[in-house]
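See structure below.
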Amino acid sequence: MLEVLLSGGWLMIPILICSVLSLAISLERLLVLRVKKVAPKDLMSNIWLLINNGHMTNERMEDIKQQSPLGAVIVAGYKNANQSRERMQESIQETASIVVHDLERNLTALGTVAAIAPLLGLLGTVIGMIKVFSTIMIQGSGDATILAGGISEALITTAAGMSVAIPTLIFHRYFHRKVDTLVLEMEQEAVKLVDSVHGQQHD
């Protein structure tokens, strides 16, 4: 396997670097974007319990804020519970934009890898074919073994580039969809908080 990779030429080095980056980013995002880490299922029920019992202190809010992105969004809204509905919603949106930025961290890099890898493979194909035609010009096309090196390099780099790009693109789309789903869930919980707080104020 190593001999096959080495026969792909120097362009295999950036392709391998792309594969390492893709794997590292994908593993990191898989760990970070877990539902129980971003939006724990029992978080809102615990928050409602603290609010109803009058135990939502500043210390509690700081703890909740540090525990998860959903906690940060909810705390931002609750800190402005005595303000108007619009101001409360604005504070939630401001914090949510920061949270979304953090959730999407490294996804641009992952998308870049997905775009670059097949181009590197295509470049390897072009270079390999140039070598083939240069060899034909110099030595003719009678000996197929002479041409095999360039053709092999062209095919290997293309296959390697696509092999890196395809799973990287799949993970890139998956993580974007995952972030959208998590953000929607956090928005729904934040809206419930706003409705509940202002509903109680109007009662």
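Note on naming: chains are A, B, ... as they come in the structure tokens, residues start from 1 per chain, ligands start from 1 in the order shown.
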Surrounding residues of A:Ala81 excluding itself and chain neighbours under 6 positions, 9 Å, only C-alpha atoms, as a list in words: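 Returned residues: Arg87, Met88, Val194, Val197 and His198 of chain A.
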Selected residue, from A:Ile25, A:Glu94, A:Leu184, A:Ile17, that lies nearest to A:Asn106 when counting only C-alpha atoms: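 Among the listed residues, A:Ile25 lies closest to A:Asn106.
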Distance query A:Arg60 at most 10 Å, only C-alpha atoms, self and fewer than 6 positions along chain excluded, as an MDAnalysis selection string: chainID A and resid 47 50 75
Atom CA of A:Pro118 to atom CA of A:Thr158, straight-line distance in Å: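 Taking atom CA of A:Thr158 and atom CA of A:Pro118, their separation equals 6.9 Å.
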Pick from A:Glu189, A:Leu169, A:Trp10, A:Val20 nearest to A:Gly111, counting only C-alpha atoms: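 Once distances to A:Gly111 are computed over only C-alpha atoms, the minimum belongs to A:Leu169.
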Surrounding residues of A:Val164 excluding itself and chain neighbours under 6 positions, 8 Å, only C-alpha atoms, as a ChimeraX atom specification: /A:15,18-19,22,114,117-118
Interatomic distance (Å, one decimal) between atom CA of A:Thr125 and atom CA of A:Leu23: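 Between atom CA of A:Thr125 and atom CA of A:Leu23 the gap is 24.2 Å.
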Long-range neighbours of A:Glu104 as a VMD selection string, 10 Å cut-off, only C-alpha atoms, 5 positions minimum in chain: chain A and resid 29 33 99 175 to 176 178 to 180
Atom CA of A:Ser152 to atom CA of A:Leu120, straight-line distance in Å: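 Computing it gives 15.4 Å between the two atoms.
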Which residue of A:Met12, A:Val100, A:Val73, A:Ala154 approaches A:Val132 most closely, using only C-alpha atoms: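 Answer, going by the shortest atom-to-atom distance: A:Ala154.
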Which residue of A:Ile74, A:Ile92, A:Leu43, A:Leu110 approaches A:Glu28 most closely, using only C-alpha atoms: A:Leu110
Spatial neighbours of A:Leu182, 9 Å, only C-alpha atoms, chain gap at least 5 places, as a VMD selection string: chain A and resid 33 35 38 to 39 177 187
